[in-house]
file structure20.tsv (TSV, C-alpha atoms and all ligand atoms)
chain	number	residue	atom	x	y	z
A	1	MET	CA	222.10	94.06	143.68
A	2	ILE	CA	224.10	91.90	146.06
A	3	THR	CA	224.40	93.03	149.66
A	4	HIS	CA	227.83	92.81	151.23
A	5	GLY	CA	229.13	92.74	154.75
A	6	GLY	CA	230.36	96.07	156.03
A	7	ASP	CA	227.54	98.16	154.62
A	8	LEU	CA	225.97	99.57	157.76
A	9	THR	CA	223.56	101.85	155.85
A	10	GLN	CA	220.86	99.20	156.01
A	11	ALA	CA	221.46	98.59	159.71
A	12	ILE	CA	221.37	102.30	160.57
A	13	GLN	CA	218.07	102.81	158.73
A	14	ARG	CA	216.35	99.67	159.92
A	15	TYR	CA	217.28	99.92	163.59
A	16	GLY	CA	217.52	103.71	163.93
A	17	ARG	CA	220.94	103.51	165.57
A	18	PRO	CA	223.72	105.91	164.47
A	19	LEU	CA	226.91	104.57	162.87
A	20	ALA	CA	229.05	105.23	165.95
A	21	ARG	CA	226.90	102.90	168.06
A	22	TRP	CA	227.38	99.78	165.95
A	23	ILE	CA	229.94	97.03	166.40
A	24	ASP	CA	230.48	95.77	162.87
A	25	LEU	CA	231.02	92.00	162.84
A	26	SER	CA	229.56	91.64	159.35
A	27	THR	CA	232.83	91.54	157.42
A	28	GLY	CA	235.88	89.32	157.45
A	29	ILE	CA	238.11	92.38	157.54
A	30	ASN	CA	240.82	92.29	160.19
A	31	PRO	CA	239.72	94.54	163.09
A	32	HIS	CA	243.44	95.09	163.88
A	33	PRO	CA	244.63	96.45	160.53
A	34	TRP	CA	248.20	96.92	159.46
A	35	PRO	CA	249.23	100.34	160.88
A	36	VAL	CA	249.23	102.61	157.88
A	37	PRO	CA	252.23	104.98	157.84
A	38	THR	CA	252.31	108.46	156.30
A	39	VAL	CA	252.44	108.19	152.52
A	40	PRO	CA	255.28	110.16	150.83
A	41	LEU	CA	253.67	113.43	149.71
A	42	GLU	CA	254.84	113.37	146.10
A	43	LEU	CA	252.90	110.13	145.43
A	44	TRP	CA	249.68	112.14	145.53
A	45	HIS	CA	250.87	114.49	142.80
A	46	HIS	CA	252.06	112.39	139.87
A	47	LEU	CA	250.71	109.40	138.00
A	48	PRO	CA	251.74	106.04	139.43
A	49	ARG	CA	255.23	105.20	138.16
A	50	PRO	CA	256.70	101.74	137.67
A	51	ASP	CA	257.73	100.47	141.11
A	52	ASP	CA	258.81	97.25	142.80
A	53	LEU	CA	255.34	96.08	143.81
A	54	PRO	CA	255.28	93.15	141.33
A	55	GLU	CA	258.73	92.03	142.59
A	56	THR	CA	257.63	92.43	146.20
A	57	ALA	CA	254.54	90.32	145.44
A	58	GLN	CA	256.84	87.74	143.90
A	59	GLN	CA	259.19	87.63	146.90
A	60	GLN	CA	256.62	87.82	149.66
A	61	LEU	CA	253.66	85.93	148.18
A	62	GLY	CA	255.28	83.67	145.58
A	63	PHE	CA	253.63	85.06	142.44
A	64	PRO	CA	255.81	84.42	139.36
A	65	HIS	CA	254.05	87.41	137.71
A	66	ALA	CA	251.60	89.63	139.53
A	67	LEU	CA	249.44	92.44	138.28
A	68	PRO	CA	248.37	95.03	140.87
A	69	VAL	CA	244.64	95.75	140.55
A	70	PRO	CA	242.15	98.09	142.25
A	71	GLY	CA	240.81	95.29	144.47
A	72	THR	CA	240.29	91.76	143.16
A	73	GLN	CA	236.64	92.67	142.55
A	74	SER	CA	237.85	94.42	139.39
A	75	VAL	CA	239.30	91.14	138.09
A	76	ILE	CA	236.18	89.20	139.04
A	77	GLN	CA	234.26	91.61	136.82
A	78	VAL	CA	236.68	91.56	133.89
A	79	LEU	CA	237.49	87.83	133.60
A	80	PRO	CA	234.06	86.88	132.16
A	81	HIS	CA	234.73	89.29	129.26
A	82	LEU	CA	237.80	87.29	128.23
A	83	ARG	CA	235.97	84.11	127.15
A	84	PRO	CA	233.09	83.38	124.78
A	85	PRO	CA	229.96	82.10	126.57
A	86	CYS	CA	230.91	78.94	128.44
A	87	ARG	CA	230.02	76.74	131.42
A	88	VAL	CA	231.30	78.00	134.76
A	89	ALA	CA	231.22	75.91	137.93
A	90	ILE	CA	230.88	77.79	141.22
A	91	SER	CA	229.97	76.61	144.70
A	92	PRO	CA	226.35	77.47	145.57
A	93	ILE	CA	227.61	79.06	148.77
A	94	THR	CA	230.50	81.42	148.23
A	95	TYR	CA	231.31	85.07	147.48
A	96	ALA	CA	228.29	85.87	145.32
A	97	GLU	CA	230.01	88.33	142.96
A	98	HIS	CA	231.72	85.48	141.08
A	99	ALA	CA	228.45	83.90	139.88
A	100	LEU	CA	226.83	87.29	139.32
A	101	CYS	CA	229.62	88.55	137.04
A	102	TRP	CA	229.80	85.38	134.93
A	103	LYS	CA	226.00	85.30	134.53
A	104	ARG	CA	225.85	88.97	133.63
A	105	GLN	CA	228.23	88.29	130.74
A	106	GLY	CA	226.00	85.52	129.35
A	107	HIS	CA	227.88	82.48	130.69
A	108	THR	CA	226.07	79.48	132.15
A	109	VAL	CA	226.78	79.16	135.85
A	110	ILE	CA	226.56	75.65	137.27
A	111	SER	CA	226.12	75.15	141.00
A	112	TRP	CA	229.06	72.85	141.67
A	113	THR	CA	230.41	71.10	144.76
A	114	PRO	CA	233.67	69.10	145.04
A	115	GLY	CA	233.13	65.52	144.00
A	116	GLN	CA	230.98	66.52	141.01
A	117	SER	CA	232.40	65.90	137.56
A	118	LEU	CA	234.29	68.61	135.66
A	119	ASP	CA	233.73	66.88	132.30
A	120	ASP	CA	231.54	69.57	130.76
A	121	ILE	CA	232.97	72.51	132.72
A	122	ASP	CA	235.12	75.24	131.13
A	123	VAL	CA	235.85	77.42	134.15
A	124	LEU	CA	235.98	76.45	137.81
A	125	VAL	CA	235.96	79.17	140.48
A	126	ILE	CA	237.24	78.20	143.93
A	127	VAL	CA	237.38	80.55	146.89
A	128	ASN	CA	240.08	79.14	149.15
A	129	PRO	CA	239.39	79.26	152.07
A	130	ASN	CA	235.77	79.69	151.17
A	131	ASN	CA	233.80	82.72	152.24
A	132	PRO	CA	231.59	82.19	154.27
A	133	THR	CA	232.00	78.46	155.07
A	134	GLY	CA	235.77	78.40	155.62
A	135	GLN	CA	236.12	75.21	153.55
A	136	THR	CA	239.70	74.75	152.35
A	137	PHE	CA	241.16	72.99	149.29
A	138	SER	CA	244.62	71.43	149.17
A	139	PRO	CA	247.09	72.39	146.44
A	140	ALA	CA	247.00	68.71	145.29
A	141	ILE	CA	243.27	68.77	144.56
A	142	LEU	CA	243.52	72.20	142.93
A	143	TRP	CA	246.27	70.96	140.59
A	144	ASP	CA	244.12	67.89	139.74
A	145	TRP	CA	241.21	70.14	138.82
A	146	HIS	CA	243.49	72.43	136.84
A	147	THR	CA	244.84	69.45	134.88
A	148	SER	CA	241.37	68.29	133.87
A	149	LEU	CA	240.27	71.80	132.96
A	150	ILE	CA	243.21	72.75	130.76
A	151	ARG	CA	242.74	69.68	128.59
A	152	ARG	CA	239.87	71.57	127.00
A	153	GLY	CA	241.36	75.05	127.29
A	154	GLY	CA	239.55	75.68	130.58
A	155	TRP	CA	240.47	77.88	133.52
A	156	LEU	CA	240.82	77.40	137.24
A	157	ILE	CA	240.30	80.62	139.20
A	158	VAL	CA	241.49	80.47	142.81
A	159	ASP	CA	240.39	83.38	144.97
A	160	GLU	CA	242.67	83.55	148.03
A	161	ALA	CA	241.06	86.63	149.60
A	162	PHE	CA	241.19	84.99	153.06
A	163	MET	CA	244.45	83.03	152.71
A	164	ASP	CA	246.97	85.45	154.22
A	165	ALA	CA	246.52	84.21	157.78
A	166	THR	CA	247.61	80.73	156.58
A	167	PRO	CA	250.11	81.41	153.76
A	168	GLU	CA	251.50	77.88	154.01
A	169	GLN	CA	248.21	76.65	152.50
A	170	SER	CA	248.37	79.01	149.53
A	171	LEU	CA	248.73	77.48	146.10
A	172	LEU	CA	251.57	79.97	145.61
A	173	SER	CA	253.58	78.65	148.53
A	174	GLN	CA	254.01	75.23	146.98
A	175	LEU	CA	254.36	75.86	143.28
A	176	PRO	CA	255.74	72.84	141.42
A	177	ASP	CA	258.86	73.40	139.30
A	178	PHE	CA	256.88	73.78	136.07
A	179	ALA	CA	254.94	76.73	137.54
A	180	ARG	CA	257.75	78.65	139.27
A	181	SER	CA	258.82	81.03	136.51
A	182	THR	CA	255.37	81.50	135.02
A	183	LEU	CA	251.98	80.18	136.08
A	184	PRO	CA	250.66	77.60	133.60
A	185	PRO	CA	247.91	78.53	131.13
A	186	GLY	CA	244.42	78.57	132.55
A	187	LEU	CA	245.34	79.30	136.17
A	188	VAL	CA	244.33	82.59	137.81
A	189	ILE	CA	245.15	83.39	141.44
A	190	LEU	CA	243.55	86.36	143.19
A	191	LYS	CA	244.79	87.96	146.39
A	192	GLY	CA	243.16	90.97	147.95
A	193	LEU	CA	244.91	93.07	150.56
A	194	GLY	CA	241.60	94.03	152.14
A	195	LYS	CA	241.06	91.23	154.62
A	196	PHE	CA	244.20	90.17	156.53
A	197	PHE	CA	245.95	93.52	156.12
A	198	GLY	CA	242.69	95.40	156.71
A	199	LEU	CA	243.36	97.65	153.70
A	200	ALA	CA	239.90	97.25	152.18
A	201	GLY	CA	239.53	101.01	151.69
A	202	ALA	CA	242.77	101.31	149.72
A	203	ARG	CA	241.25	99.12	146.93
A	204	ILE	CA	244.34	97.13	146.13
A	205	GLY	CA	244.80	93.49	145.20
A	206	LEU	CA	247.02	91.29	143.09
A	207	VAL	CA	246.28	88.82	140.35
A	208	GLY	CA	248.63	86.16	139.05
A	209	ALA	CA	248.31	84.26	135.78
A	210	SER	CA	250.38	83.37	132.75
A	211	PRO	CA	251.30	86.42	130.62
A	212	THR	CA	248.89	85.20	127.89
A	213	LEU	CA	246.03	85.80	130.31
A	214	LEU	CA	247.51	88.61	132.37
A	215	ASN	CA	248.17	90.88	129.36
A	216	PRO	CA	244.60	90.98	128.02
A	217	LEU	CA	243.38	91.37	131.59
A	218	ALA	CA	245.70	94.34	132.12
A	219	ASP	CA	244.47	95.86	128.82
A	220	MET	CA	240.85	95.53	129.90
A	221	ILE	CA	241.52	97.12	133.28
A	222	GLY	CA	243.34	100.02	131.64
A	223	PRO	CA	246.27	102.24	132.57
A	224	TRP	CA	247.02	103.39	136.17
A	225	PRO	CA	244.31	101.25	137.75
A	226	VAL	CA	245.87	101.49	141.23
A	227	SER	CA	246.81	104.81	142.81
A	228	GLY	CA	250.45	105.50	143.67
A	229	PRO	CA	249.68	105.76	147.41
A	230	ALA	CA	247.85	102.41	147.40
A	231	ARG	CA	250.74	100.74	145.54
A	232	TRP	CA	253.23	102.19	148.02
A	233	LEU	CA	251.16	101.06	151.00
A	234	ALA	CA	250.80	97.56	149.57
A	235	GLN	CA	254.54	97.30	149.16
A	236	GLN	CA	255.23	98.39	152.74
A	237	ALA	CA	252.56	96.03	154.12
A	238	LEU	CA	253.84	93.02	152.16
A	239	GLN	CA	257.39	93.68	153.39
A	240	ASP	CA	256.36	94.02	157.02
A	241	THR	CA	256.85	90.36	157.86
A	242	THR	CA	257.23	91.06	161.60
A	243	TRP	CA	253.71	92.49	161.74
A	244	GLN	CA	252.38	89.63	159.58
A	245	TYR	CA	253.92	87.00	161.83
A	246	SER	CA	252.52	88.39	165.08
A	247	MET	CA	249.13	89.15	163.47
A	248	ARG	CA	248.78	85.54	162.29
A	249	ASN	CA	249.29	84.31	165.83
A	250	ARG	CA	246.90	86.87	167.23
A	251	LEU	CA	244.14	86.13	164.72
A	252	LYS	CA	244.43	82.37	165.21
A	253	LYS	CA	243.89	82.83	168.95
A	254	GLU	CA	240.99	85.24	168.47
A	255	SER	CA	239.33	82.94	165.97
A	256	VAL	CA	239.47	80.06	168.50
A	257	ARG	CA	238.11	82.46	171.12
A	258	LEU	CA	235.15	83.35	168.89
A	259	HIS	CA	234.45	79.70	168.13
A	260	THR	CA	234.57	78.88	171.86
A	261	LEU	CA	232.34	81.82	172.78
A	262	LEU	CA	229.68	80.68	170.31
A	263	GLU	CA	229.87	77.11	171.59
A	264	GLN	CA	229.62	78.29	175.21
A	265	HIS	CA	226.31	79.87	174.29
A	266	GLY	CA	225.06	76.68	172.68
A	267	PHE	CA	225.76	77.50	169.02
A	268	ARG	CA	227.63	75.23	166.64
A	269	PRO	CA	229.86	77.06	164.19
A	270	GLN	CA	230.54	74.77	161.24
A	271	GLY	CA	233.73	76.32	159.94
A	272	GLY	CA	235.49	79.59	159.48
A	273	THR	CA	238.85	81.21	158.99
A	274	ALA	CA	241.15	83.23	161.22
A	275	LEU	CA	238.87	86.20	160.52
A	276	PHE	CA	235.31	84.88	160.92
A	277	GLN	CA	233.12	82.00	162.02
A	278	TRP	CA	230.34	80.46	159.96
A	279	LEU	CA	227.19	79.60	161.85
A	280	PRO	CA	224.48	77.73	160.00
A	281	TYR	CA	221.44	77.89	162.27
A	282	SER	CA	217.74	77.29	161.71
A	283	HIS	CA	216.85	80.62	163.36
A	284	ALA	CA	219.70	82.57	161.80
A	285	TYR	CA	217.61	85.64	161.01
A	286	ARG	CA	216.15	85.72	164.53
A	287	LEU	CA	219.65	85.69	166.02
A	288	HIS	CA	220.89	88.29	163.51
A	289	ASP	CA	217.95	90.55	164.39
A	290	HIS	CA	218.38	90.08	168.14
A	291	LEU	CA	222.09	90.95	167.96
A	292	ALA	CA	221.31	93.95	165.75
A	293	GLN	CA	218.94	95.27	168.41
A	294	GLN	CA	221.99	95.27	170.70
A	295	GLY	CA	224.11	97.14	168.13
A	296	LEU	CA	225.96	94.05	166.88
A	297	TRP	CA	225.85	93.79	163.08
A	298	THR	CA	226.46	90.32	161.67
A	299	ARG	CA	226.17	89.12	158.08
A	300	HIS	CA	222.99	87.15	157.51
A	301	PHE	CA	222.90	84.77	154.53
A	302	ASP	CA	219.25	84.47	153.72
A	303	SER	CA	219.42	81.59	151.25
A	304	PHE	CA	221.56	79.41	153.52
A	305	ASN	CA	220.11	80.13	156.95
A	306	GLY	CA	223.44	81.13	158.37
A	307	LEU	CA	225.42	83.96	159.91
A	308	ARG	CA	229.00	84.99	159.32
A	309	ILE	CA	230.41	86.57	162.43
A	310	GLY	CA	233.68	88.49	162.32
A	311	LEU	CA	236.13	89.13	165.15
A	312	PRO	CA	235.19	91.77	167.74
A	313	PRO	CA	237.73	94.62	167.68
A	314	ASP	CA	238.30	95.03	171.45
A	315	GLU	CA	237.43	93.68	174.91
A	316	ILE	CA	234.31	95.83	175.27
A	317	SER	CA	233.00	94.42	172.00
A	318	TRP	CA	233.78	90.84	173.07
A	319	GLN	CA	231.77	91.45	176.23
A	320	HIS	CA	228.97	93.03	174.24
A	321	LEU	CA	228.81	90.03	171.93
A	322	SER	CA	228.80	87.65	174.87
A	323	ASP	CA	225.96	89.63	176.49
A	324	GLY	CA	224.02	89.64	173.21
A	325	LEU	CA	224.32	85.87	172.83
A	326	LEU	CA	223.34	85.35	176.46
A	327	SER	CA	220.26	87.57	176.22
A	328	TYR	CA	219.26	85.74	173.00
A	329	ARG	CA	219.44	82.45	174.87
A	330	SER	CA	217.31	83.70	177.73
A	331	ARG	CA	214.76	85.18	175.33
A	332	PHE	CA	214.53	82.15	173.02
A	333	SER	CA	215.54	79.13	175.03
A	334	SER	CA	215.43	76.67	172.14
B	1	LIG	C1	236.10	85.95	148.63
B	1	LIG	C2	236.24	87.37	148.17
B	1	LIG	N1	236.90	87.61	147.05
B	1	LIG	C3	237.07	88.86	146.58
B	1	LIG	C4	236.54	89.94	147.26
B	1	LIG	C5	236.75	91.31	146.69
B	1	LIG	O1	237.58	92.03	147.54
B	1	LIG	P1	238.59	93.18	147.04
B	1	LIG	O2	238.02	93.75	145.80
B	1	LIG	O3	238.64	94.13	148.16
B	1	LIG	O4	239.92	92.49	146.79
B	1	LIG	C6	235.82	89.73	148.45
B	1	LIG	C7	235.23	90.87	149.18
B	1	LIG	O5	234.55	90.73	150.16
B	1	LIG	C8	235.68	88.41	148.92
B	1	LIG	O6	235.03	88.14	150.05
call {"tool": "encode", "arguments": {"input": "structure20.tsv", "output": "structure tokens"}}
result
Amino acid sequence: MITHGGDLTQAIQRYGRPLARWIDLSTGINPHPWPVPTVPLELWHHLPRPDDLPETAQQQLGFPHALPVPGTQSVIQVLPHLRPPCRVAISPITYAEHALCWKRQGHTVISWTPGQSLDDIDVLVIVNPNNPTGQTFSPAILWDWHTSLIRRGGWLIVDEAFMDATPEQSLLSQLPDFARSTLPPGLVILKGLGKFFGLAGARIGLVGASPTLLNPLADMIGPWPVSGPARWLAQQALQDTTWQYSMRNRLKKESVRLHTLLEQHGFRPQGGTALFQWLPYSHAYRLHDHLAQQGLWTRHFDSFNGLRIGLPPDEISWQHLSDGLLSYRSRFSS
């Protein structure tokens, strides 16, 4: 089983500290979520009806066709069922569910980094920006990779879970003419509403692809996959451009603040997004453990000796993090 950020069960058990006394920095979920309004009552009482969510996703995010899904995790799990066993290239350091789901379905997963050949690859999975490193990929390079993959009937899967703070860098914001009315074959774009909008608990995301891929995907996911209330909330959130605009500015500033704070304490973050910083560090577990003893829960990546640190939710938490980093430095002055 893969561990994920945000699961404080482990932290509570290991450190004997109750849930209310943790500051959770282990996820990349926005600590200032979109303010959820009251959901119209009747939506709880009938099956989800056709609504304007796909059109809203088209207008606000640029999807030619979008399928609402119960979180993009559902798509990550279903896509490997839609191809016979093949060779799938995935970065060795990214959201681990991609590799897990392809392997589980009998595909061969190749640890792939940009610059390596795509000659014998059938499916390339790119998380853009990458979680946890923050590495980004330009639309030009993504289209190049797509072109070489589709020659052999391959797929390019672009997971934009962390893209909403920088929508101008989304593949959807710069679609070439040939892709505007329908995405070309072999391209899948995933967008969760969990991170930037902070709606992780609503389990709602969107997937875009050509109808030839989207239809079998929809069939596999089944009818009414997303609840009416979640669909309604997603629509309101996507249309709230005033909130989105000010939140982007806020998160950019807070991300710089986090980077600066880490540097001030002698750490060297090597990347990140508006929602987290990535800190490869030879004593990553020691730092993770020290911060946990102070009630600060970060995400430790065992295999890569690194920590992902999310944004503190308020001034008290910023101060707490600063104190935790300071006390680490005085305890281990290396
Ligand atoms: C890169 C990435 N993609 C996809 C997901 C799945 O998120 P959701 O199912 O909430 O859309 C996550 C969750 O952490 C993620 O980090």
call {"tool": "closest_residue", "arguments": {"input": "structure20.tsv", "among": "A:Trp243, A:Leu261, A:Val78, A:Asp144", "to": "Ile221 of chain A", "atoms": "only C-alpha atoms"}}
result
A:Val78
call {"tool": "residues_near_point", "arguments": {"input": "structure20.tsv", "point": "(230.3, 88.5, 164.1)", "cutoff": "6 Å", "atoms": "all atoms listed in the file", "output": "PyMOL selection string"}}
result
chain A and resi 25-26+298+309-311
call {"tool": "atom_distance", "arguments": {"input": "structure20.tsv", "atom1": "atom CA of Leu43 of chain A", "atom2": "atom CA of Gly71 of chain A"}}
result
19.2 Å
call {"tool": "closest_residue", "arguments": {"input": "structure20.tsv", "among": "A:Trp145, A:Trp102, A:Tyr15, A:Phe63", "to": "Gly115 of chain A", "atoms": "only C-alpha atoms"}}
result
A:Trp145
call {"tool": "closest_residue", "arguments": {"input": "structure20.tsv", "among": "A:Thr273, A:Gln264, A:Thr147, A:Gln244", "to": "ligand LIG 1 (chain B)", "atoms": "all atoms listed in the file"}}
result
A:Thr273
call {"tool": "residues_near_ligand", "arguments": {"input": "structure20.tsv", "ligand": "ligand LIG 1 (chain B)", "cutoff": "7 Å", "atoms": "only C-alpha atoms and all ligand atoms", "output": "MDAnalysis selection string"}}
result
chainID A and resid 70:74 95 127 130:131 159 161:162 191:194 200 203:205
call {"tool": "closest_residue", "arguments": {"input": "structure20.tsv", "among": "A:Val207, A:Ile141, A:Ala234, A:Cys86", "to": "Leu67 of chain A", "atoms": "all atoms listed in the file"}}
result
A:Val207
call {"tool": "residues_near_point", "arguments": {"input": "structure20.tsv", "point": "(224.3, 94.2, 157.4)", "cutoff": "7 Å", "atoms": "only C-alpha atoms", "output": "list in words"}}
result
Gly5, Gly6, Asp7, Leu8, Gln10, Ala11, Ser26, Trp297, Thr298 and Arg299 of chain A
call {"tool": "atom_distance", "arguments": {"input": "structure20.tsv", "atom1": "atom CA of Ala292 of chain A", "atom2": "atom CA of Leu251 of chain A"}}
result
24.2 Å
call {"tool": "residues_around", "arguments": {"input": "structure20.tsv", "residues": "segment 80-82 of chain A", "least_positions_apart": "4", "cutoff": "8 Å", "atoms": "all atoms listed in the file", "output": "number ranges by chain"}}
result
A: 76, 101-102, 105, 107, 216-217
call {"tool": "residues_around", "arguments": {"input": "structure20.tsv", "residues": "Leu172 of chain A", "least_positions_apart": "6", "cutoff": "12 Å", "atoms": "only C-alpha atoms", "output": "PyMOL selection string"}}
result
chain A and resi 57-66+138-139+142-143+158-160+163-164+166+179-183+187-191+207-209
call {"tool": "axis_aligned_box", "arguments": {"input": "structure20.tsv", "around": "segment 283-301 of chain A", "padding_each_side": "8 Å", "output": "JSON"}}
result
{"center_x": 221.3, "center_y": 88.9, "center_z": 162.6, "size_x": 26.3, "size_y": 32.5, "size_z": 32.2}
